[in-house]
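Dumped my_file-v7.pdb below, it's PDB, C-alpha atoms:
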ATOM      1  CA  MET X   1      78.436 108.569  95.039
ATOM      2  CA  ALA X   2      79.103 105.608  92.744
ATOM      3  CA  VAL X   3      77.279 102.316  92.429
ATOM      4  CA  THR X   4      79.638  99.390  91.921
ATOM      5  CA  TRP X   5      78.340  96.247  90.254
ATOM      6  CA  VAL X   6      80.524  93.187  89.818
ATOM      7  CA  LEU X   7      79.479  91.429  86.618
ATOM      8  CA  LYS X   8      80.177  87.707  86.758
ATOM      9  CA  PRO X   9      80.355  85.647  83.535
ATOM     10  CA  GLU X  10      76.763  84.521  84.015
ATOM     11  CA  ASP X  11      75.689  88.169  84.314
ATOM     12  CA  MET X  12      77.548  89.080  81.131
ATOM     13  CA  ALA X  13      75.847  86.228  79.323
ATOM     14  CA  ARG X  14      72.433  87.526  80.401
ATOM     15  CA  ILE X  15      72.766  91.163  79.374
ATOM     16  CA  ARG X  16      69.702  92.176  77.395
ATOM     17  CA  PHE X  17      68.211  95.358  75.981
ATOM     18  CA  ALA X  18      64.674  96.621  76.347
ATOM     19  CA  PHE X  19      62.800  99.866  76.284
ATOM     20  CA  SER X  20      59.870 100.938  78.343
ATOM     21  CA  PRO X  21      56.952 103.224  77.482
ATOM     22  CA  LEU X  22      56.137 103.440  81.196
ATOM     23  CA  TRP X  23      59.660 104.554  82.092
ATOM     24  CA  GLU X  24      59.484 107.335  79.487
ATOM     25  CA  LEU X  25      56.060 108.376  80.752
ATOM     26  CA  VAL X  26      57.251 108.617  84.361
ATOM     27  CA  ALA X  27      60.474 110.394  83.366
ATOM     28  CA  SER X  28      58.406 112.959  81.464
ATOM     29  CA  LEU X  29      56.845 113.992  84.790
ATOM     30  CA  ARG X  30      60.254 115.345  85.771
ATOM     31  CA  THR X  31      60.508 117.115  82.437
ATOM     32  CA  LEU X  32      57.244 118.919  83.205
ATOM     33  CA  GLN X  33      58.485 119.957  86.654
ATOM     34  CA  ASP X  34      61.870 121.220  85.464
ATOM     35  CA  PRO X  35      61.671 122.166  81.761
ATOM     36  CA  ALA X  36      65.015 124.008  81.897
ATOM     37  CA  ARG X  37      66.790 120.730  82.633
ATOM     38  CA  GLN X  38      65.646 119.321  79.302
ATOM     39  CA  SER X  39      64.946 122.284  77.062
ATOM     40  CA  LEU X  40      65.181 120.013  74.033
ATOM     41  CA  HIS X  41      61.733 118.641  75.002
ATOM     42  CA  LEU X  42      60.094 122.080  74.972
ATOM     43  CA  PRO X  43      58.161 121.299  71.750
ATOM     44  CA  TRP X  44      56.469 118.405  73.557
ATOM     45  CA  ILE X  45      55.871 120.478  76.695
ATOM     46  CA  LYS X  46      54.187 123.230  74.675
ATOM     47  CA  ALA X  47      52.027 120.653  72.888
ATOM     48  CA  VAL X  48      50.745 118.982  76.079
ATOM     49  CA  ARG X  49      50.617 121.867  78.546
ATOM     50  CA  PRO X  50      47.028 122.842  77.637
ATOM     51  CA  ARG X  51      45.929 119.245  78.311
ATOM     52  CA  LEU X  52      47.308 119.229  81.859
ATOM     53  CA  ARG X  53      44.637 121.587  83.179
ATOM     54  CA  GLY X  54      42.048 118.842  83.339
ATOM     55  CA  LEU X  55      44.306 116.214  84.935
ATOM     56  CA  ASP X  56      44.963 115.477  88.609
ATOM     57  CA  LEU X  57      48.684 114.675  88.731
ATOM     58  CA  ASP X  58      49.356 115.670  92.359
ATOM     59  CA  GLU X  59      49.971 112.103  93.523
ATOM     60  CA  LEU X  60      52.228 111.350  90.558
ATOM     61  CA  PHE X  61      54.276 114.500  91.160
ATOM     62  CA  ALA X  62      54.562 113.570  94.854
ATOM     63  CA  LEU X  63      55.957 110.126  93.956
ATOM     64  CA  VAL X  64      58.189 111.512  91.196
ATOM     65  CA  PRO X  65      60.008 114.599  92.517
ATOM     66  CA  ALA X  66      61.993 116.825  90.168
ATOM     67  CA  SER X  67      65.195 115.278  91.513
ATOM     68  CA  GLY X  68      66.294 112.575  93.925
ATOM     69  CA  TYR X  69      64.665 109.240  94.574
ATOM     70  CA  LEU X  70      61.409 108.376  92.816
ATOM     71  CA  ALA X  71      59.171 105.463  93.791
ATOM     72  CA  ASP X  72      60.513 102.367  92.050
ATOM     73  CA  PHE X  73      57.188 100.558  91.837
ATOM     74  CA  ILE X  74      55.918 102.908  89.126
ATOM     75  CA  THR X  75      58.911 102.092  86.883
ATOM     76  CA  PRO X  76      59.184  98.275  86.981
ATOM     77  CA  PRO X  77      61.978  96.915  84.777
ATOM     78  CA  PRO X  78      60.596  95.726  81.431
ATOM     79  CA  ARG X  79      60.132  91.957  81.350
ATOM     80  CA  THR X  80      60.362  91.687  77.554
ATOM     81  CA  PRO X  81      62.375  93.586  74.917
ATOM     82  CA  LEU X  82      59.213  95.255  73.583
ATOM     83  CA  PRO X  83      56.741  95.642  76.452
ATOM     84  CA  ASP X  84      53.495  97.425  75.749
ATOM     85  CA  PHE X  85      52.159 100.085  78.058
ATOM     86  CA  ALA X  86      49.151  98.061  79.180
ATOM     87  CA  ALA X  87      51.326  95.157  80.325
ATOM     88  CA  GLU X  88      53.643  97.469  82.255
ATOM     89  CA  LEU X  89      50.699  99.205  83.876
ATOM     90  CA  ASP X  90      49.409  95.810  85.020
ATOM     91  CA  GLN X  91      52.742  95.327  86.804
ATOM     92  CA  VAL X  92      52.176  98.586  88.667
ATOM     93  CA  ARG X  93      48.651  97.535  89.664
ATOM     94  CA  CYS X  94      50.052  94.283  91.098
ATOM     95  CA  THR X  95      52.555  96.045  93.369
ATOM     96  CA  PRO X  96      52.382  94.732  96.963
ATOM     97  CA  PRO X  97      50.946  97.605  99.040
ATOM     98  CA  GLU X  98      53.626  97.265 101.720
ATOM     99  CA  ARG X  99      56.378  97.720  99.119
ATOM    100  CA  ALA X 100      54.669 100.774  97.656
ATOM    101  CA  ALA X 101      54.319 102.317 101.129
ATOM    102  CA  GLU X 102      57.965 101.625 101.967
ATOM    103  CA  GLU X 103      59.146 103.293  98.765
ATOM    104  CA  ALA X 104      56.841 106.287  99.185
ATOM    105  CA  ALA X 105      58.289 106.841 102.659
ATOM    106  CA  LYS X 106      61.779 107.301 101.155
ATOM    107  CA  ILE X 107      60.761 110.263  99.008
ATOM    108  CA  ALA X 108      61.870 113.744 100.007
ATOM    109  CA  GLY X 109      61.117 117.199  98.707
ATOM    110  CA  THR X 110      57.489 116.733  97.661
ATOM    111  CA  ASP X 111      54.062 117.319  99.227
ATOM    112  CA  ARG X 112      54.108 115.380 102.503
ATOM    113  CA  THR X 113      50.335 115.590 102.835
ATOM    114  CA  VAL X 114      49.863 113.765  99.546
ATOM    115  CA  LEU X 115      52.442 111.134 100.488
ATOM    116  CA  ASP X 116      50.847 110.609 103.906
ATOM    117  CA  ARG X 117      47.502 109.985 102.225
ATOM    118  CA  PHE X 118      49.174 107.419  99.973
ATOM    119  CA  THR X 119      50.940 105.551 102.791
ATOM    120  CA  ALA X 120      47.793 105.540 104.953
ATOM    121  CA  ASP X 121      46.129 103.213 102.438
ATOM    122  CA  PRO X 122      48.763 102.063  99.930
ATOM    123  CA  ALA X 123      46.487  99.541  98.209
ATOM    124  CA  ALA X 124      44.065 102.308  97.282
ATOM    125  CA  GLY X 125      47.035 104.561  96.507
ATOM    126  CA  VAL X 126      48.494 102.092  94.014
ATOM    127  CA  ALA X 127      45.131 101.858  92.258
ATOM    128  CA  ARG X 128      44.821 105.648  92.061
ATOM    129  CA  VAL X 129      48.360 106.038  90.768
ATOM    130  CA  ALA X 130      47.850 103.395  88.087
ATOM    131  CA  ASP X 131      44.645 105.126  86.971
ATOM    132  CA  ALA X 132      46.432 108.489  86.871
ATOM    133  CA  LEU X 133      49.276 107.024  84.805
ATOM    134  CA  GLU X 134      46.771 105.554  82.374
ATOM    135  CA  THR X 135      44.979 108.888  81.961
ATOM    136  CA  TYR X 136      48.228 110.828  81.615
ATOM    137  CA  TRP X 137      49.429 108.340  78.964
ATOM    138  CA  ARG X 138      46.211 108.620  76.985
ATOM    139  CA  GLU X 139      45.970 112.401  77.087
ATOM    140  CA  CYS X 140      49.607 113.513  76.889
ATOM    141  CA  PHE X 141      51.897 110.753  75.672
ATOM    142  CA  ALA X 142      50.363 107.994  73.552
ATOM    143  CA  GLU X 143      50.276 109.927  70.288
ATOM    144  CA  PHE X 144      53.935 110.938  70.701
ATOM    145  CA  TRP X 145      55.162 107.479  71.690
ATOM    146  CA  PRO X 146      55.816 106.287  68.078
ATOM    147  CA  ARG X 147      58.409 109.025  67.608
ATOM    148  CA  VAL X 148      60.111 108.205  70.931
ATOM    149  CA  TYR X 149      59.848 104.493  70.141
ATOM    150  CA  GLY X 150      61.675 104.958  66.828
ATOM    151  CA  LEU X 151      64.571 106.730  68.530
ATOM    152  CA  LEU X 152      64.882 104.079  71.255
ATOM    153  CA  GLU X 153      64.625 101.240  68.726
ATOM    154  CA  ARG X 154      67.493 102.630  66.645
ATOM    155  CA  ASP X 155      69.625 102.965  69.775
ATOM    156  CA  VAL X 156      68.998  99.361  70.849
ATOM    157  CA  LEU X 157      69.935  98.056  67.395
ATOM    158  CA  ARG X 158      73.134 100.115  67.464
ATOM    159  CA  ARG X 159      74.111  99.006  70.978
ATOM    160  CA  SER X 160      73.335  95.364  70.226
ATOM    161  CA  ARG X 161      75.777  95.475  67.331
ATOM    162  CA  GLN X 162      78.361  97.096  69.609
ATOM    163  CA  LEU X 163      78.030  94.284  72.131
ATOM    164  CA  THR X 164      78.288  91.643  69.426
ATOM    165  CA  GLN X 165      81.254  93.196  67.638
ATOM    166  CA  GLY X 166      83.218  94.900  70.415
ATOM    167  CA  GLY X 167      82.095  93.154  73.580
ATOM    168  CA  ALA X 168      81.289  94.711  76.936
ATOM    169  CA  SER X 169      84.195  97.147  76.798
ATOM    170  CA  GLU X 170      82.911  98.912  73.682
ATOM    171  CA  LEU X 171      79.295  98.745  74.831
ATOM    172  CA  PHE X 172      79.781 100.297  78.270
ATOM    173  CA  ALA X 173      82.263 102.889  76.973
ATOM    174  CA  GLY X 174      79.471 104.362  74.898
ATOM    175  CA  LEU X 175      76.850 104.706  77.642
ATOM    176  CA  GLY X 176      78.062 108.111  78.794
ATOM    177  CA  PRO X 177      80.559 109.617  81.246
ATOM    178  CA  ALA X 178      78.594 108.384  84.264
ATOM    179  CA  VAL X 179      79.301 104.741  83.374
ATOM    180  CA  GLU X 180      82.770 103.174  83.605
ATOM    181  CA  TRP X 181      83.736  99.558  82.903
ATOM    182  CA  THR X 182      86.942  98.236  84.473
ATOM    183  CA  GLY X 183      86.825  94.799  82.897
ATOM    184  CA  GLU X 184      85.172  93.284  85.936
ATOM    185  CA  ARG X 185      83.242  96.049  87.650
ATOM    186  CA  LEU X 186      80.666  98.468  86.333
ATOM    187  CA  LEU X 187      80.942 101.835  88.093
ATOM    188  CA  ILE X 188      77.902 104.107  87.822
ATOM    189  CA  ASP X 189      78.053 107.685  89.082
ATOM    190  CA  ARG X 190      74.759 108.384  90.832
ATOM    191  CA  PRO X 191      73.909 111.328  93.105
ATOM    192  CA  TRP X 192      71.473 109.182  95.119
ATOM    193  CA  CYS X 193      71.123 105.423  95.242
ATOM    194  CA  ASP X 194      71.022 102.668  97.852
ATOM    195  CA  ALA X 195      71.113  99.811  95.322
ATOM    196  CA  GLY X 196      73.102  96.696  96.111
ATOM    197  CA  GLY X 197      74.881  94.474  93.632
ATOM    198  CA  LEU X 198      73.524  92.274  90.898
ATOM    199  CA  HIS X 199      71.705  89.233  92.188
ATOM    200  CA  GLY X 200      72.027  86.517  89.572
ATOM    201  CA  ASP X 201      69.395  87.665  87.094
ATOM    202  CA  GLY X 202      71.713  89.394  84.634
ATOM    203  CA  LEU X 203      71.323  93.011  83.595
ATOM    204  CA  VAL X 204      68.745  94.810  81.461
ATOM    205  CA  LEU X 205      69.898  97.970  79.676
ATOM    206  CA  VAL X 206      67.191 100.532  78.950
ATOM    207  CA  PRO X 207      67.748 103.636  76.783
ATOM    208  CA  SER X 208      65.773 106.735  77.714
ATOM    209  CA  ALA X 209      64.952 109.982  75.944
ATOM    210  CA  PHE X 210      63.074 111.699  78.780
ATOM    211  CA  TYR X 211      65.584 110.793  81.521
ATOM    212  CA  TRP X 212      68.450 112.049  79.333
ATOM    213  CA  PRO X 213      71.216 112.968  80.100
ATOM    214  CA  SER X 214      71.149 111.128  83.447
ATOM    215  CA  VAL X 215      71.501 107.449  84.300
ATOM    216  CA  ALA X 216      69.414 105.431  86.751
ATOM    217  CA  VAL X 217      69.742 102.015  88.348
ATOM    218  CA  MET X 218      67.453  99.475  89.968
ATOM    219  CA  THR X 219      68.177  96.174  91.648
ATOM    220  CA  ALA X 220      66.668  93.821  94.265
ATOM    221  CA  PRO X 221      63.825  93.234  94.738
ATOM    222  CA  TYR X 222      63.568  94.192  91.062
ATOM    223  CA  GLN X 223      65.413  92.961  87.991
ATOM    224  CA  SER X 224      68.831  94.631  87.849
ATOM    225  CA  MET X 225      68.475  97.537  85.402
ATOM    226  CA  LEU X 226      70.611 100.379  84.087
ATOM    227  CA  VAL X 227      68.810 103.260  82.367
ATOM    228  CA  TYR X 228      71.157 105.240  80.132
ATOM    229  CA  PRO X 229      70.785 108.321  77.870
ATOM    230  CA  VAL X 230      69.724 107.458  74.331
ATOM    231  CA  LEU X 231      71.869 108.636  71.431
ATOM    232  CA  GLY X 232      70.452 111.193  69.028
ATOM    233  CA  VAL X 233      67.939 112.677  71.461
ATOM    234  CA  GLY X 234      68.561 116.082  69.907
ATOM    235  CA  THR X 235      66.881 114.865  66.721
ATOM    236  CA  LEU X 236      63.682 113.752  68.465
ATOM    237  CA  TRP X 237      61.715 116.907  67.694
ATOM    238  CA  GLU X 238      63.874 118.237  64.863
ATOM    239  CA  GLN X 239      61.017 118.020  62.368
ATOM    240  CA  GLY X 240      59.193 120.656  64.389
ATOM    241  CA  PRO X 241      56.720 120.281  67.219
ATOM    242  CA  PRO X 242      55.150 116.877  67.797
ATOM    243  CA  PRO X 243      52.177 116.224  65.552
ATOM    244  CA  ALA X 244      49.071 117.724  67.114
ATOM    245  CA  ALA X 245      46.733 114.949  66.053
ATOM    246  CA  GLY X 246      43.587 116.496  67.490
ATOM    247  CA  LEU X 247      42.063 117.714  64.225
ATOM    248  CA  LEU X 248      43.284 114.661  62.341
ATOM    249  CA  ALA X 249      41.793 112.418  65.037
ATOM    250  CA  ALA X 250      38.485 114.241  64.742
ATOM    251  CA  LEU X 251      38.541 113.556  61.011
ATOM    252  CA  ILE X 252      39.534 109.890  60.859
ATOM    253  CA  GLY X 253      39.537 108.701  64.502
ATOM    254  CA  ARG X 254      42.242 108.787  67.176
ATOM    255  CA  SER X 255      43.740 105.327  66.567
ATOM    256  CA  ARG X 256      43.804 105.745  62.794
ATOM    257  CA  ALA X 257      45.396 109.179  63.186
ATOM    258  CA  GLN X 258      48.102 107.696  65.422
ATOM    259  CA  ILE X 259      48.744 104.880  62.951
ATOM    260  CA  LEU X 260      48.931 107.261  60.003
ATOM    261  CA  LEU X 261      51.408 109.480  61.849
ATOM    262  CA  ALA X 262      53.445 106.444  62.935
ATOM    263  CA  LEU X 263      53.800 105.403  59.287
ATOM    264  CA  ALA X 264      56.272 108.214  58.670
ATOM    265  CA  GLU X 265      58.503 105.145  58.515
ATOM    266  CA  PRO X 266      57.175 101.915  56.902
ATOM    267  CA  SER X 267      56.133  99.277  59.417
ATOM    268  CA  THR X 268      54.438  95.898  59.782
ATOM    269  CA  THR X 269      51.108  95.307  61.483
ATOM    270  CA  SER X 270      52.740  93.586  64.462
ATOM    271  CA  ALA X 271      55.271  96.374  64.951
ATOM    272  CA  LEU X 272      52.513  98.978  64.822
ATOM    273  CA  ALA X 273      50.473  96.985  67.341
ATOM    274  CA  THR X 274      53.388  97.011  69.771
ATOM    275  CA  ARG X 275      53.985 100.723  69.326
ATOM    276  CA  MET X 276      50.323 101.669  69.562
ATOM    277  CA  SER X 277      49.445  99.328  72.466
ATOM    278  CA  LEU X 278      46.690  97.859  70.275
ATOM    279  CA  THR X 279      45.964  94.292  69.218
ATOM    280  CA  PRO X 280      47.231  93.213  65.772
ATOM    281  CA  GLY X 281      43.617  92.607  64.782
ATOM    282  CA  ALA X 282      42.625  96.173  65.641
ATOM    283  CA  VAL X 283      45.605  97.597  63.757
ATOM    284  CA  SER X 284      44.761  95.422  60.752
ATOM    285  CA  GLN X 285      41.204  96.759  60.712
ATOM    286  CA  HIS X 286      42.385 100.362  60.912
ATOM    287  CA  LEU X 287      44.925  99.771  58.153
ATOM    288  CA  GLY X 288      42.167  98.311  56.013
ATOM    289  CA  VAL X 289      40.132 101.502  56.358
ATOM    290  CA  LEU X 290      43.183 103.694  55.705
ATOM    291  CA  SER X 291      44.124 101.624  52.639
ATOM    292  CA  ASP X 292      40.566 101.720  51.288
ATOM    293  CA  GLY X 293      40.734 105.492  51.640
ATOM    294  CA  GLY X 294      43.944 105.667  49.647
ATOM    295  CA  LEU X 295      46.038 106.834  52.606
ATOM    296  CA  THR X 296      48.225 103.742  53.073
ATOM    297  CA  VAL X 297      49.400 100.831  50.966
ATOM    298  CA  GLY X 298      50.834  97.432  51.892
ATOM    299  CA  LEU X 299      53.857  95.936  50.158
ATOM    300  CA  ARG X 300      54.758  92.271  50.587
ATOM    301  CA  LEU X 301      58.388  91.657  51.496
ATOM    302  CA  GLY X 302      58.993  87.934  51.871
ATOM    303  CA  LYS X 303      56.532  86.629  54.441
ATOM    304  CA  GLN X 304      55.692  90.062  55.822
ATOM    305  CA  VAL X 305      53.528  92.928  54.618
ATOM    306  CA  VAL X 306      55.056  96.342  55.226
ATOM    307  CA  TYR X 307      52.717  99.336  55.212
ATOM    308  CA  ARG X 308      53.615 102.872  54.210
ATOM    309  CA  ARG X 309      51.758 106.097  53.606
ATOM    310  CA  THR X 310      50.722 107.065  50.097
ATOM    311  CA  ALA X 311      51.239 110.593  48.772
ATOM    312  CA  ALA X 312      47.693 111.395  49.918
ATOM    313  CA  GLY X 313      48.504 109.988  53.355
ATOM    314  CA  ASP X 314      51.629 112.141  53.546
ATOM    315  CA  MET X 315      49.614 115.245  52.700
ATOM    316  CA  LEU X 316      46.984 114.484  55.325
ATOM    317  CA  ALA X 317      49.591 113.698  57.992
ATOM    318  CA  ALA X 318      51.378 116.975  57.180
ATOM    319  CA  THR X 319      48.283 118.900  58.212
ATOM    320  CA  ALA X 320      48.763 117.587  61.765
ATOM    321  CA  ALA X 321      52.369 118.798  62.002
TER
END

As structure tokens, what does this structure read like?
Amino acid sequence: MAVTWVLKPEDMARIRFAFSPLWELVASLRTLQDPARQSLHLPWIKAVRPRLRGLDLDELFALVPASGYLADFITPPPRTPLPDFAAELDQVRCTPPERAAEEAAKIAGTDRTVLDRFTADPAAGVARVADALETYWRECFAEFWPRVYGLLERDVLRRSRQLTQGGASELFAGLGPAVEWTGERLLIDRPWCDAGGLHGDGLVLVPSAFYWPSVAVMTAPYQSMLVYPVLGVGTLWEQGPPPAAGLLAALIGRSRAQILLALAEPSTTSALATRMSLTPGAVSQHLGVLSDGGLTVGLRLGKQVVYRRTAAGDMLAATAA
């Protein structure tokens, strides 16, 4: 089955890129259910599997089956190029209950008892699901997000240059074999989809590491969105398993441990705040403590201060690898 979207000039003019921590989080639920499909993520699976024992993910797994349709309301299209997880989760919490119930009713192949409980009281179901997503993010994903973020960010920069230099033809040609551009129509090979055409709001393109190598689409009543496989996903865990920040967090605190690990590549306070889902003020305070301890140092470049790890910071971060 193929989705056909006709892109009018106004749609072409409103193409934008974004990436979504919530989309990656939800896609990772499929990775947990079918590890063989994405064996490249096995280092992450091994790192988080012990943490799953204390979590109740039954409702999330019911709404996100290993294949086929998943409930759209838990993956709202990102409204900004760099949405933070908290803002996206607020979108989920604001889902109209009737829409959530309608989408849950479309799902096949998961626990019907769990879905029936959800549709019986969708307002309460949405609240439970949002709480479960928040817990799952905190326990299994937040500390690994900086690494995923870096991969997605590099892809967006690369694709943006493609669009600027080679136009839509070069851009869409590089999104994988499931996407074909005819010069007027965008053809997307999807095994299941009932999406209609674009509806005047342009198109948001979202790279994904945890949905790789598949594509996904969304449209009305949501922003038209195409999720495509990120380039370089094979390098995501090439430096070994994801950093197990537990001991490091016990030593210097969870947020500071995450910031120190994120500074494998130099970054500004605002960029770290976005990646960590923290306020710039909180990040600044943590950086102050890390700098006072000789673990990070700030270098002024023009109007910005870019932080990097010191040699001592590198040594301490290496203990968490």

Name the residues that the PyMOL selection byres ((chain X and resi 53-64) around 7) picks from the file above, as a PyMOL selection string, using the file's chain letters and numbers.
chain X and resi 29-30+50-52+65-66+70-71+104+107+110-111+114-115+129+132

Residue by residue, what does the PyMOL selection byres ((chain X and resi 270) around 12) grab here? Present the result as a compact mmCIF listing (two decimals) with C-alpha atoms, keeping the file's coordinate frame.
# COMPACT_ATOMS: atom_id res chain seq x y z
CA LEU X 82 59.21 95.26 73.58
CA ASP X 84 53.50 97.42 75.75
CA SER X 267 56.13 99.28 59.42
CA THR X 268 54.44 95.90 59.78
CA THR X 269 51.11 95.31 61.48
CA ALA X 271 55.27 96.37 64.95
CA LEU X 272 52.51 98.98 64.82
CA ALA X 273 50.47 96.98 67.34
CA THR X 274 53.39 97.01 69.77
CA ARG X 275 53.98 100.72 69.33
CA MET X 276 50.32 101.67 69.56
CA SER X 277 49.44 99.33 72.47
CA LEU X 278 46.69 97.86 70.28
CA THR X 279 45.96 94.29 69.22
CA PRO X 280 47.23 93.21 65.77
CA GLY X 281 43.62 92.61 64.78
CA ALA X 282 42.62 96.17 65.64
CA VAL X 283 45.60 97.60 63.76
CA SER X 284 44.76 95.42 60.75
CA LEU X 287 44.92 99.77 58.15
CA GLN X 304 55.69 90.06 55.82
CA VAL X 305 53.53 92.93 54.62
CA VAL X 306 55.06 96.34 55.23
CA TYR X 307 52.72 99.34 55.21

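The two atoms in question, atom CA of Leu151 of chain X and atom CA of Ala18 of chain X, are spaced 12.8 Å apart.
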
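Minimum distance to Val230 of chain X across X:Arg308, X:Lys8, X:Arg158, X:Arg16 (counting all atoms listed in the file) occurs at X:Arg158.
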
Identify all residues satisfying the PyMOL selection byres ((chain X and resi 119) around 9) in the given file; provide them as a VMD selection string.
chain X and resid 97 to 98 100 to 102 104 to 105 114 to 118 120 to 123 125

For segment 316-319 of chain X, work out the shell of residues within 10 Å, counting all atoms listed in the file and skipping chain neighbours fewer than 2 positions away, then give it as a PyMOL selection string.
chain X and resi 243-245+247-248+257-258+260-264+295+309-314+321

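Shortest separation to Pro96 of chain X among X:Phe73, X:Tyr149, X:Gly294, X:Thr113 occurs at residue X:Phe73, atoms counted being only C-alpha atoms.
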
Just the residues within 9 Å of Glu88 of chain X, please, counting only C-alpha atoms, with nothing from its chain fewer than 4 positions along; format it as an mmCIF file with C-alpha atoms, keeping the file's coordinate frame.
data_model
loop_
_atom_site.group_PDB
_atom_site.id
_atom_site.type_symbol
_atom_site.label_atom_id
_atom_site.label_comp_id
_atom_site.auth_asym_id
_atom_site.auth_seq_id
_atom_site.Cartn_x
_atom_site.Cartn_y
_atom_site.Cartn_z
ATOM 1 C CA SER X 20 59.870 100.938 78.343
ATOM 2 C CA PRO X 21 56.952 103.224 77.482
ATOM 3 C CA LEU X 22 56.137 103.440 81.196
ATOM 4 C CA THR X 75 58.911 102.092 86.883
ATOM 5 C CA PRO X 76 59.184 98.275 86.981
ATOM 6 C CA PRO X 77 61.978 96.915 84.777
ATOM 7 C CA PRO X 78 60.596 95.726 81.431
ATOM 8 C CA ARG X 79 60.132 91.957 81.350
ATOM 9 C CA PRO X 83 56.741 95.642 76.452
ATOM 10 C CA ASP X 84 53.495 97.425 75.749
ATOM 11 C CA VAL X 92 52.176 98.586 88.667
ATOM 12 C CA ARG X 93 48.651 97.535 89.664
#

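Taking all atoms listed in the file into account, Leu157 of chain X lies nearest to X:Phe17 out of the set X:Phe17, X:Asp72, X:Arg112, X:Phe141.
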
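Here the question is which of X:Gly298, X:His286, X:Ser160, X:Phe19 gets nearest to Val227 of chain X using all atoms listed in the file, and that residue is X:Phe19.
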
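Atom pair atom CA of Leu7 of chain X / atom CA of Leu171 of chain X: separated by 13.9 Å.
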
Counting only C-alpha atoms, which residue out of X:Ala250, X:Ala124, X:Gly288, X:Pro266 sits closest to Arg300 of chain X?
X:Pro266

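Proximity ranking of X:Tyr222, X:Phe210, X:Trp5, X:Tyr69 relative to Val148 of chain X places X:Phe210 first, based on all atoms listed in the file.
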
As AutoDock Vina command-line options: centre and edge lengths in Å, one decimal, of the axis-aligned box holding segment 71-83 of chain X with 8 Å per side:
--center_x 59.1 --center_y 98.6 --center_z 83.7 --size_x 22.5 --size_y 29.8 --size_z 36.2

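Atom pair atom CA of Thr296 of chain X / atom CA of Glu153 of chain X: separated by 22.8 Å.
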
Using only C-alpha atoms, what table do you get, as a tab-separated table, when you list each residue of segment 152-228 of chain X with an atom no more than 12 Å from segment 34-37 of chain X, its nearest pair of atoms, and their distance in Å rounded to one decimal, rows by chain then rising number?
residue	atom	partner	partner_atom	distance
X:Phe210	CA	X:Arg37	CA	10.5
X:Tyr211	CA	X:Arg37	CA	10.1
X:Trp212	CA	X:Arg37	CA	9.4
X:Pro213	CA	X:Arg37	CA	9.3
X:Ser214	CA	X:Arg37	CA	10.6
